$ cat final.csv   # CSV, N, CA and C atoms
chain,number,residue,atom,x,y,z
A,55,MET,N,-7.7,-18.6,-16.4
A,55,MET,CA,-7.5,-17.4,-15.7
A,55,MET,C,-7.3,-17.7,-14.2
A,56,ALA,N,-6.5,-16.9,-13.5
A,56,ALA,CA,-6.1,-17.1,-12.1
A,56,ALA,C,-7.3,-16.8,-11.2
A,57,ASP,N,-7.3,-17.4,-10.0
A,57,ASP,CA,-8.4,-17.1,-9.0
A,57,ASP,C,-8.1,-15.8,-8.2
A,58,THR,N,-6.8,-15.5,-8.1
A,58,THR,CA,-6.3,-14.3,-7.4
A,58,THR,C,-5.3,-13.6,-8.2
A,59,ILE,N,-5.0,-12.3,-7.9
A,59,ILE,CA,-4.0,-11.5,-8.6
A,59,ILE,C,-3.6,-10.4,-7.6
A,60,ARG,N,-2.3,-10.0,-7.7
A,60,ARG,CA,-1.8,-8.9,-6.8
A,60,ARG,C,-2.6,-7.6,-7.0
A,61,ILE,N,-2.9,-6.9,-6.0
A,61,ILE,CA,-3.7,-5.7,-6.0
A,61,ILE,C,-3.0,-4.6,-6.9
A,62,ASP,N,-1.7,-4.4,-6.7
A,62,ASP,CA,-1.0,-3.4,-7.5
A,62,ASP,C,-1.1,-3.7,-9.0
A,63,LYS,N,-0.9,-4.9,-9.4
A,63,LYS,CA,-1.0,-5.3,-10.8
A,63,LYS,C,-2.4,-5.1,-11.4
A,64,TRP,N,-3.4,-5.5,-10.6
A,64,TRP,CA,-4.8,-5.3,-11.1
A,64,TRP,C,-5.2,-3.8,-11.2
A,65,MET,N,-4.8,-3.0,-10.2
A,65,MET,CA,-5.1,-1.6,-10.3
A,65,MET,C,-4.5,-0.9,-11.5
A,66,TRP,N,-3.2,-1.3,-11.8
A,66,TRP,CA,-2.6,-0.8,-13.0
A,66,TRP,C,-3.3,-1.3,-14.3
A,67,ALA,N,-3.7,-2.6,-14.3
A,67,ALA,CA,-4.3,-3.2,-15.5
A,67,ALA,C,-5.6,-2.5,-15.8
A,68,VAL,N,-6.4,-2.2,-14.8
A,68,VAL,CA,-7.7,-1.6,-15.0
A,68,VAL,C,-7.6,0.0,-15.0
A,69,ARG,N,-6.4,0.5,-15.1
A,69,ARG,CA,-6.2,1.9,-15.4
A,69,ARG,C,-6.6,2.8,-14.2
A,70,LEU,N,-6.5,2.3,-13.0
A,70,LEU,CA,-6.7,3.2,-11.8
A,70,LEU,C,-5.4,4.0,-11.5
A,71,PHE,N,-4.3,3.4,-11.9
A,71,PHE,CA,-3.0,4.1,-11.8
A,71,PHE,C,-2.2,4.0,-13.1
A,72,LYS,N,-1.4,5.0,-13.3
A,72,LYS,CA,-0.7,5.1,-14.6
A,72,LYS,C,0.4,4.1,-14.7
A,73,THR,N,1.1,3.8,-13.6
A,73,THR,CA,2.1,2.7,-13.6
A,73,THR,C,1.9,1.8,-12.4
A,74,ARG,N,2.5,0.6,-12.5
A,74,ARG,CA,2.3,-0.3,-11.4
A,74,ARG,C,3.1,0.2,-10.2
A,75,SER,N,4.2,0.9,-10.4
A,75,SER,CA,5.0,1.3,-9.3
A,75,SER,C,4.2,2.4,-8.5
A,76,ILE,N,3.5,3.2,-9.2
A,76,ILE,CA,2.6,4.2,-8.5
A,76,ILE,C,1.5,3.5,-7.7
A,77,ALA,N,1.0,2.5,-8.3
A,77,ALA,CA,-0.1,1.7,-7.6
A,77,ALA,C,0.5,1.1,-6.3
A,78,ALA,N,1.8,0.5,-6.4
A,78,ALA,CA,2.4,-0.1,-5.3
A,78,ALA,C,2.7,0.9,-4.2
A,79,GLU,N,3.1,2.1,-4.6
A,79,GLU,CA,3.4,3.2,-3.7
A,79,GLU,C,2.2,3.6,-2.9
A,80,ALA,N,1.1,3.7,-3.6
A,80,ALA,CA,-0.2,4.1,-2.9
A,80,ALA,C,-0.6,3.0,-1.9
A,81,CYS,N,-0.3,1.8,-2.2
A,81,CYS,CA,-0.5,0.7,-1.2
A,81,CYS,C,0.4,0.9,0.0
A,82,LYS,N,1.6,1.1,-0.2
A,82,LYS,CA,2.6,1.3,0.8
A,82,LYS,C,2.3,2.5,1.8
A,83,LYS,N,1.7,3.5,1.2
A,83,LYS,CA,1.3,4.7,2.0
A,83,LYS,C,0.0,4.5,2.7
A,84,GLY,N,-0.7,3.4,2.5
A,84,GLY,CA,-1.9,3.1,3.2
A,84,GLY,C,-3.1,3.7,2.6
A,85,LEU,N,-3.1,4.1,1.3
A,85,LEU,CA,-4.2,4.7,0.6
A,85,LEU,C,-5.1,3.7,0.0
A,86,VAL,N,-4.8,2.5,0.0
A,86,VAL,CA,-5.6,1.4,-0.7
A,86,VAL,C,-6.0,0.4,0.4
A,87,SER,N,-7.3,0.1,0.4
A,87,SER,CA,-7.7,-1.0,1.3
A,87,SER,C,-8.7,-1.9,0.5
A,88,ILE,N,-8.6,-3.2,1.0
A,88,ILE,CA,-9.5,-4.2,0.4
A,88,ILE,C,-10.4,-4.7,1.5
A,89,ASN,N,-11.7,-4.7,1.2
A,89,ASN,CA,-12.7,-5.1,2.2
A,89,ASN,C,-12.4,-4.5,3.6
A,90,ASP,N,-12.1,-3.2,3.6
A,90,ASP,CA,-11.8,-2.4,4.9
A,90,ASP,C,-10.6,-2.9,5.6
A,91,THR,N,-9.6,-3.5,4.9
A,91,THR,CA,-8.3,-3.8,5.5
A,91,THR,C,-7.2,-3.2,4.6
A,92,VAL,N,-6.3,-2.4,5.2
A,92,VAL,CA,-5.3,-1.8,4.5
A,92,VAL,C,-4.5,-2.8,3.7
A,93,ALA,N,-4.1,-2.6,2.5
A,93,ALA,CA,-3.5,-3.6,1.6
A,93,ALA,C,-2.1,-3.2,1.3
A,94,LYS,N,-1.2,-4.3,1.3
A,94,LYS,CA,0.1,-4.1,0.8
A,94,LYS,C,0.1,-4.4,-0.7
A,95,PRO,N,1.1,-4.0,-1.4
A,95,PRO,CA,1.1,-4.2,-2.9
A,95,PRO,C,1.0,-5.7,-3.3
A,96,SER,N,1.5,-6.6,-2.5
A,96,SER,CA,1.5,-8.0,-2.8
A,96,SER,C,0.2,-8.7,-2.4
A,97,ARG,N,-0.7,-8.0,-1.8
A,97,ARG,CA,-2.0,-8.6,-1.4
A,97,ARG,C,-2.8,-9.1,-2.5
A,98,GLU,N,-3.3,-10.3,-2.4
A,98,GLU,CA,-4.0,-10.9,-3.5
A,98,GLU,C,-5.5,-10.5,-3.4
A,99,ILE,N,-6.1,-10.3,-4.5
A,99,ILE,CA,-7.6,-10.0,-4.6
A,99,ILE,C,-8.3,-11.1,-5.4
A,100,LYS,N,-9.6,-11.1,-5.2
A,100,LYS,CA,-10.4,-12.1,-5.9
A,100,LYS,C,-11.7,-11.4,-6.3
A,101,VAL,N,-12.4,-12.0,-7.2
A,101,VAL,CA,-13.7,-11.5,-7.7
A,101,VAL,C,-14.6,-11.2,-6.6
A,102,GLY,N,-15.2,-10.1,-6.5
A,102,GLY,CA,-16.2,-9.7,-5.5
A,102,GLY,C,-15.6,-8.8,-4.4
A,103,ASP,N,-14.3,-8.7,-4.3
A,103,ASP,CA,-13.7,-7.8,-3.3
A,103,ASP,C,-14.1,-6.3,-3.6
A,104,LYS,N,-14.1,-5.6,-2.5
A,104,LYS,CA,-14.4,-4.2,-2.6
A,104,LYS,C,-13.1,-3.4,-2.3
A,105,ILE,N,-12.7,-2.5,-3.2
A,105,ILE,CA,-11.4,-1.8,-3.0
A,105,ILE,C,-11.7,-0.3,-2.8
A,106,LEU,N,-11.1,0.3,-1.8
A,106,LEU,CA,-11.2,1.7,-1.5
A,106,LEU,C,-9.8,2.4,-1.8
A,107,ILE,N,-9.9,3.5,-2.6
A,107,ILE,CA,-8.7,4.2,-2.9
A,107,ILE,C,-8.9,5.6,-2.4
A,108,LYS,N,-8.0,6.1,-1.5
A,108,LYS,CA,-8.1,7.5,-1.0
A,108,LYS,C,-7.3,8.4,-1.9
A,109,ARG,N,-7.9,9.4,-2.5
A,109,ARG,CA,-7.3,10.4,-3.3
A,109,ARG,C,-8.0,11.7,-2.8
A,110,ASN,N,-7.2,12.5,-2.1
A,110,ASN,CA,-7.8,13.7,-1.5
A,110,ASN,C,-8.6,14.5,-2.5
A,111,PRO,N,-9.8,15.0,-2.2
A,111,PRO,CA,-10.5,14.8,-0.9
A,111,PRO,C,-11.5,13.7,-1.0
A,112,VAL,N,-11.4,12.8,-1.9
A,112,VAL,CA,-12.4,11.8,-2.1
A,112,VAL,C,-11.9,10.4,-1.9
A,113,VAL,N,-12.8,9.5,-1.4
A,113,VAL,CA,-12.4,8.1,-1.2
A,113,VAL,C,-13.3,7.3,-2.3
A,114,TYR,N,-12.6,6.7,-3.3
A,114,TYR,CA,-13.3,6.0,-4.4
A,114,TYR,C,-13.5,4.6,-3.9
A,115,HIS,N,-14.6,4.0,-4.3
A,115,HIS,CA,-15.0,2.6,-4.0
A,115,HIS,C,-15.2,1.9,-5.3
A,116,PHE,N,-14.6,0.7,-5.4
A,116,PHE,CA,-14.7,-0.1,-6.6
A,116,PHE,C,-15.0,-1.6,-6.2
A,117,LYS,N,-15.7,-2.3,-7.1
A,117,LYS,CA,-16.0,-3.7,-6.9
A,117,LYS,C,-15.3,-4.5,-8.0
A,118,VAL,N,-14.6,-5.5,-7.6
A,118,VAL,CA,-13.9,-6.3,-8.6
A,118,VAL,C,-14.8,-7.3,-9.3
A,119,LEU,N,-15.0,-7.2,-10.6
A,119,LEU,CA,-15.9,-8.0,-11.4
A,119,LEU,C,-15.1,-9.2,-12.0
A,120,ALA,N,-13.9,-8.9,-12.4
A,120,ALA,CA,-13.1,-10.0,-13.1
A,120,ALA,C,-11.6,-9.6,-12.8
A,121,LEU,N,-10.7,-10.6,-13.0
A,121,LEU,CA,-9.3,-10.4,-12.8
A,121,LEU,C,-8.5,-10.4,-14.1
A,122,THR,N,-7.5,-9.5,-14.1
A,122,THR,CA,-6.6,-9.5,-15.3
A,122,THR,C,-5.3,-8.9,-14.8
A,123,GLY,N,-4.2,-9.4,-15.5
A,123,GLY,CA,-2.9,-8.9,-15.2
A,123,GLY,C,-2.3,-8.1,-16.4
A,124,LYS,N,-3.1,-7.9,-17.4
A,124,LYS,CA,-2.7,-7.2,-18.6
A,124,LYS,C,-3.4,-5.9,-18.8
A,125,ARG,N,-2.7,-4.8,-19.0
A,125,ARG,CA,-3.3,-3.5,-19.2
A,125,ARG,C,-4.2,-3.5,-20.4
A,126,MET,N,-5.4,-2.9,-20.2
A,126,MET,CA,-6.4,-2.9,-21.3
A,126,MET,C,-6.8,-1.5,-21.7
A,127,GLY,N,-7.5,-1.4,-22.8
A,127,GLY,CA,-8.1,-0.2,-23.2
A,127,GLY,C,-9.2,0.3,-22.3
A,128,ALA,N,-9.4,1.6,-22.3
A,128,ALA,CA,-10.4,2.2,-21.4
A,128,ALA,C,-11.8,1.6,-21.6
A,129,LYS,N,-12.1,1.2,-22.8
A,129,LYS,CA,-13.5,0.7,-23.1
A,129,LYS,C,-13.8,-0.6,-22.5
A,130,LEU,N,-12.7,-1.4,-22.2
A,130,LEU,CA,-12.9,-2.7,-21.6
A,130,LEU,C,-12.9,-2.7,-20.0
A,131,VAL,N,-12.6,-1.6,-19.4
A,131,VAL,CA,-12.5,-1.5,-18.0
A,131,VAL,C,-13.8,-1.9,-17.3
A,132,PRO,N,-15.0,-1.4,-17.8
A,132,PRO,CA,-16.3,-1.7,-17.1
A,132,PRO,C,-16.5,-3.2,-16.9
A,133,ASP,N,-15.9,-4.1,-17.8
A,133,ASP,CA,-16.1,-5.5,-17.7
A,133,ASP,C,-15.3,-6.1,-16.5
A,134,PHE,N,-14.3,-5.3,-16.0
A,134,PHE,CA,-13.5,-5.8,-14.9
A,134,PHE,C,-13.7,-5.2,-13.5
A,135,MET,N,-14.3,-4.0,-13.5
A,135,MET,CA,-14.6,-3.4,-12.2
A,135,MET,C,-15.8,-2.5,-12.3
A,136,GLU,N,-16.5,-2.3,-11.2
A,136,GLU,CA,-17.6,-1.4,-11.1
A,136,GLU,C,-17.3,-0.3,-10.1
A,137,ASP,N,-17.6,0.9,-10.5
A,137,ASP,CA,-17.4,2.1,-9.7
A,137,ASP,C,-18.6,2.2,-8.8
A,138,ILE,N,-18.4,2.0,-7.5
A,138,ILE,CA,-19.6,2.0,-6.5
A,138,ILE,C,-19.3,3.2,-5.5
A,139,THR,N,-18.6,4.2,-6.0
A,139,THR,CA,-18.4,5.4,-5.1
A,139,THR,C,-19.7,6.1,-4.8
A,140,PRO,N,-20.0,6.4,-3.5
A,140,PRO,CA,-21.2,7.1,-3.2
A,140,PRO,C,-21.3,8.4,-3.8
A,141,PRO,N,-22.5,8.9,-4.3
A,141,PRO,CA,-22.6,10.2,-4.9
A,141,PRO,C,-22.2,11.3,-4.1
A,142,GLU,N,-22.3,11.2,-2.7
A,142,GLU,CA,-21.9,12.3,-1.9
A,142,GLU,C,-20.4,12.6,-2.0
A,143,ASN,N,-19.6,11.5,-2.2
A,143,ASN,CA,-18.1,11.7,-2.4
A,143,ASN,C,-17.8,12.4,-3.7
A,144,LEU,N,-18.6,12.1,-4.8
A,144,LEU,CA,-18.4,12.8,-6.0
A,144,LEU,C,-18.8,14.2,-6.0
A,145,GLU,N,-19.8,14.6,-5.2
A,145,GLU,CA,-20.3,15.9,-5.0
A,145,GLU,C,-19.1,16.8,-4.5
A,146,ILE,N,-18.3,16.3,-3.7
A,146,ILE,CA,-17.1,17.0,-3.1
A,146,ILE,C,-16.3,17.5,-4.2
A,147,LEU,N,-16.0,16.6,-5.2
A,147,LEU,CA,-15.2,17.1,-6.4
A,147,LEU,C,-15.9,18.2,-7.2
A,148,GLU,N,-17.2,18.1,-7.3
A,148,GLU,CA,-17.9,19.2,-8.1
A,148,GLU,C,-17.8,20.5,-7.3
A,149,MET,N,-18.0,20.4,-6.0
A,149,MET,CA,-17.9,21.7,-5.2
A,149,MET,C,-16.5,22.2,-5.3
A,150,GLN,N,-15.5,21.4,-5.2
A,150,GLN,CA,-14.1,21.9,-5.2
A,150,GLN,C,-13.8,22.5,-6.6
A,151,LYS,N,-14.4,22.0,-7.6
A,151,LYS,CA,-14.2,22.5,-9.0
A,151,LYS,C,-14.7,24.0,-9.0
A,152,TYR,N,-15.8,24.2,-8.4
A,152,TYR,CA,-16.4,25.6,-8.5
A,152,TYR,C,-15.7,26.5,-7.5
A,153,MET,N,-15.1,26.0,-6.4
A,153,MET,CA,-14.5,26.8,-5.4
A,153,MET,C,-13.1,27.2,-5.8
A,154,LYS,N,-12.5,26.6,-6.8
A,154,LYS,CA,-11.2,26.8,-7.2
A,154,LYS,C,-10.9,28.3,-7.6
A,155,TRP,N,-11.9,29.0,-8.2
A,155,TRP,CA,-11.7,30.4,-8.6
A,155,TRP,C,-11.4,31.3,-7.5
A,156,SER,N,-11.9,31.0,-6.2
A,156,SER,CA,-11.6,31.9,-5.1
A,156,SER,C,-10.3,31.5,-4.4
A,157,ASP,N,-9.8,30.4,-4.6
A,157,ASP,CA,-8.6,29.9,-3.9
A,157,ASP,C,-7.4,30.3,-4.7
A,158,ARG,N,-6.4,30.9,-4.0
A,158,ARG,CA,-5.2,31.3,-4.7
A,158,ARG,C,-4.1,30.5,-4.0
A,159,ASP,N,-3.2,29.9,-4.8
A,159,ASP,CA,-2.1,29.1,-4.3
A,159,ASP,C,-1.2,30.1,-3.5
A,160,ARG,N,-0.7,29.6,-2.4
A,160,ARG,CA,0.2,30.4,-1.5
A,160,ARG,C,1.5,30.8,-2.3
A,161,GLY,N,1.8,32.0,-2.2
A,161,GLY,CA,3.1,32.4,-2.9
A,161,GLY,C,3.0,32.7,-4.3
A,162,THR,N,1.8,32.8,-4.9
A,162,THR,CA,1.7,33.0,-6.3
A,162,THR,C,1.6,34.5,-6.6
A,163,GLY,N,1.7,35.3,-5.6
A,163,GLY,CA,1.8,36.8,-5.9
A,163,GLY,C,0.9,37.6,-5.0
A,164,ARG,N,1.2,38.8,-5.0
A,164,ARG,CA,0.3,39.7,-4.2
A,164,ARG,C,-0.6,40.5,-5.1
A,165,PRO,N,-1.7,41.0,-4.6
A,165,PRO,CA,-2.6,41.8,-5.4
A,165,PRO,C,-1.9,43.1,-5.9
A,166,THR,N,-2.3,43.5,-7.1
A,166,THR,CA,-1.7,44.8,-7.6
A,166,THR,C,-2.3,45.9,-6.8
A,167,LYS,N,-1.8,47.1,-7.1
A,167,LYS,CA,-2.3,48.3,-6.4
A,167,LYS,C,-3.8,48.5,-6.8
A,168,LYS,N,-4.1,48.3,-8.0
A,168,LYS,CA,-5.5,48.4,-8.5
A,168,LYS,C,-6.4,47.4,-7.8
A,169,ASP,N,-5.9,46.1,-7.7
A,169,ASP,CA,-6.7,45.1,-7.0
A,169,ASP,C,-6.9,45.5,-5.5
A,170,ARG,N,-5.9,46.0,-4.9
A,170,ARG,CA,-6.0,46.4,-3.5
A,170,ARG,C,-7.0,47.5,-3.3
A,171,ARG,N,-7.0,48.5,-4.2
A,171,ARG,CA,-8.0,49.6,-4.1
A,171,ARG,C,-9.4,49.0,-4.3
A,172,GLU,N,-9.6,48.1,-5.2
A,172,GLU,CA,-10.9,47.5,-5.5
A,172,GLU,C,-11.4,46.7,-4.2
A,173,MET,N,-10.5,46.0,-3.6
A,173,MET,CA,-10.8,45.3,-2.4
A,173,MET,C,-11.2,46.2,-1.2
A,174,ASP,N,-10.4,47.3,-1.1
A,174,ASP,CA,-10.7,48.3,0.0
A,174,ASP,C,-12.1,48.9,-0.3
A,175,GLU,N,-12.3,49.3,-1.5
A,175,GLU,CA,-13.6,49.9,-1.9
A,175,GLU,C,-14.8,48.9,-1.6
A,176,PHE,N,-14.6,47.7,-1.9
A,176,PHE,CA,-15.6,46.7,-1.7
A,176,PHE,C,-15.9,46.5,-0.2
A,177,ARG,N,-14.8,46.5,0.6
A,177,ARG,CA,-15.0,46.3,2.1
A,177,ARG,C,-15.7,47.6,2.7
A,178,ASP,N,-15.3,48.7,2.2
A,178,ASP,CA,-15.9,50.0,2.8
A,178,ASP,C,-17.3,50.2,2.3
A,179,PHE,N,-17.8,49.5,1.3
A,179,PHE,CA,-19.1,49.7,0.8
A,179,PHE,C,-20.1,49.2,1.7
$ encode --input "final.csv" --output "structure tokens"
Amino acid sequence: MADTIRIDKWMWAVRLFKTRSIAAEACKKGLVSINDTVAKPSREIKVGDKILIKRNPVVYHFKVLALTGKRMGAKLVPDFMEDITPPENLEILEMQKYMKWSDRDRGTGRPTKKDRREMDEFRDF
């Protein structure tokens, strides 16, 4: 087994990204860093490196436990990486999940006349 491997290939192999090209694109956009240094797709990683992946609104943290260049089943992933994302970051996802109901995508439509009356009645109460 090799001592180092490309970051884009490893992230694809451990199922952090669906395709290697998506992993490479994330690196090019500056969304991936290794040991607090922004990584290019060709950057080599080794066992023990800490990888940060920015996916709004959370920054995920992973520790490299082993290297592989071949895509694996989801059950084998814990042997190759450890998720060390702080719990505070994951709480943001939980809060966002519960806040979704009040958020309406822009341009998805206006309230109906009935909805408008109910909102007016609620405000006047």
$ select_by_dssp --input "final.csv" --residues "segment 79-152 of chain A" --states "strand (DSSP E or B)" --output "list in words"
Val86, Ser87, Ile88, Thr91, Val92, Glu98, Ile99, Lys104, Ile105, Leu106, Ile107, Lys108, Arg109, Val112, Val113, Tyr114, His115, Phe116, Lys117, Val118, Met135, Glu136 and Asp137 of chain A
$ residues_around --input "final.csv" --residues "segment 112-127 of chain A" --least-positions-apart "4" --cutoff "5 Å" --atoms "only N, CA and C atoms" --output "VMD selection string"
chain A and resid 67 101 to 108 131 134 to 139
$ atom_distance --input "final.csv" --atom1 "atom CA of Arg109 of chain A" --atom2 "atom CA of Pro141 of chain A"
15.4 Å
$ atom_distance --input "final.csv" --atom1 "atom N of Ile99 of chain A" --atom2 "atom CA of Trp64 of chain A"
8.4 Å
$ atom_distance --input "final.csv" --atom1 "atom C of Thr58 of chain A" --atom2 "atom C of Lys100 of chain A"
7.0 Å
$ residues_around --input "final.csv" --residues "Ser96 of chain A" --least-positions-apart "3" --cutoff "7 Å" --atoms "all atoms listed in the file" --output "ChimeraX atom specification"
/A:59-62,93,99
$ select_by_dssp --input "final.csv" --residues "segment 123-154 of chain A" --states "alpha helix (DSSP H)" --output "PyMOL selection string"
chain A and resi 141-153
$ closest_residue --input "final.csv" --among "A:Val92, A:Val68, A:Lys63, A:Tyr152" --to "Ala128 of chain A" --atoms "only N, CA and C atoms"
A:Val68
$ decode --input "final.csv" --residues "segment 113-129 of chain A" --atoms "C-alpha atoms" --output "JSON list (two decimals), in the first residue's frame"
[["chain", "number", "residue", "atom", "x", "y", "z"],
["A", 113, "VAL", "CA", -17.42, 22.53, 8.18],
["A", 114, "TYR", "CA", -16.81, 18.78, 8.47],
["A", 115, "HIS", "CA", -13.59, 17.47, 10.05],
["A", 116, "PHE", "CA", -12.12, 14.06, 9.24],
["A", 117, "LYS", "CA", -8.99, 12.21, 10.30],
["A", 118, "VAL", "CA", -7.24, 9.88, 7.83],
["A", 119, "LEU", "CA", -6.81, 6.42, 9.37],
["A", 120, "ALA", "CA", -5.73, 4.51, 6.25],
["A", 121, "LEU", "CA", -5.18, 5.17, 2.54],
["A", 122, "THR", "CA", -7.03, 3.65, -0.40],
["A", 123, "GLY", "CA", -7.57, 4.47, -4.03],
["A", 124, "LYS", "CA", -10.44, 2.08, -4.63],
["A", 125, "ARG", "CA", -14.05, 2.97, -3.89],
["A", 126, "MET", "CA", -15.47, 0.90, -1.06],
["A", 127, "GLY", "CA", -18.77, -0.02, 0.50],
["A", 128, "ALA", "CA", -20.15, 2.26, 3.19],
["A", 129, "LYS", "CA", -19.55, -0.35, 5.92]]
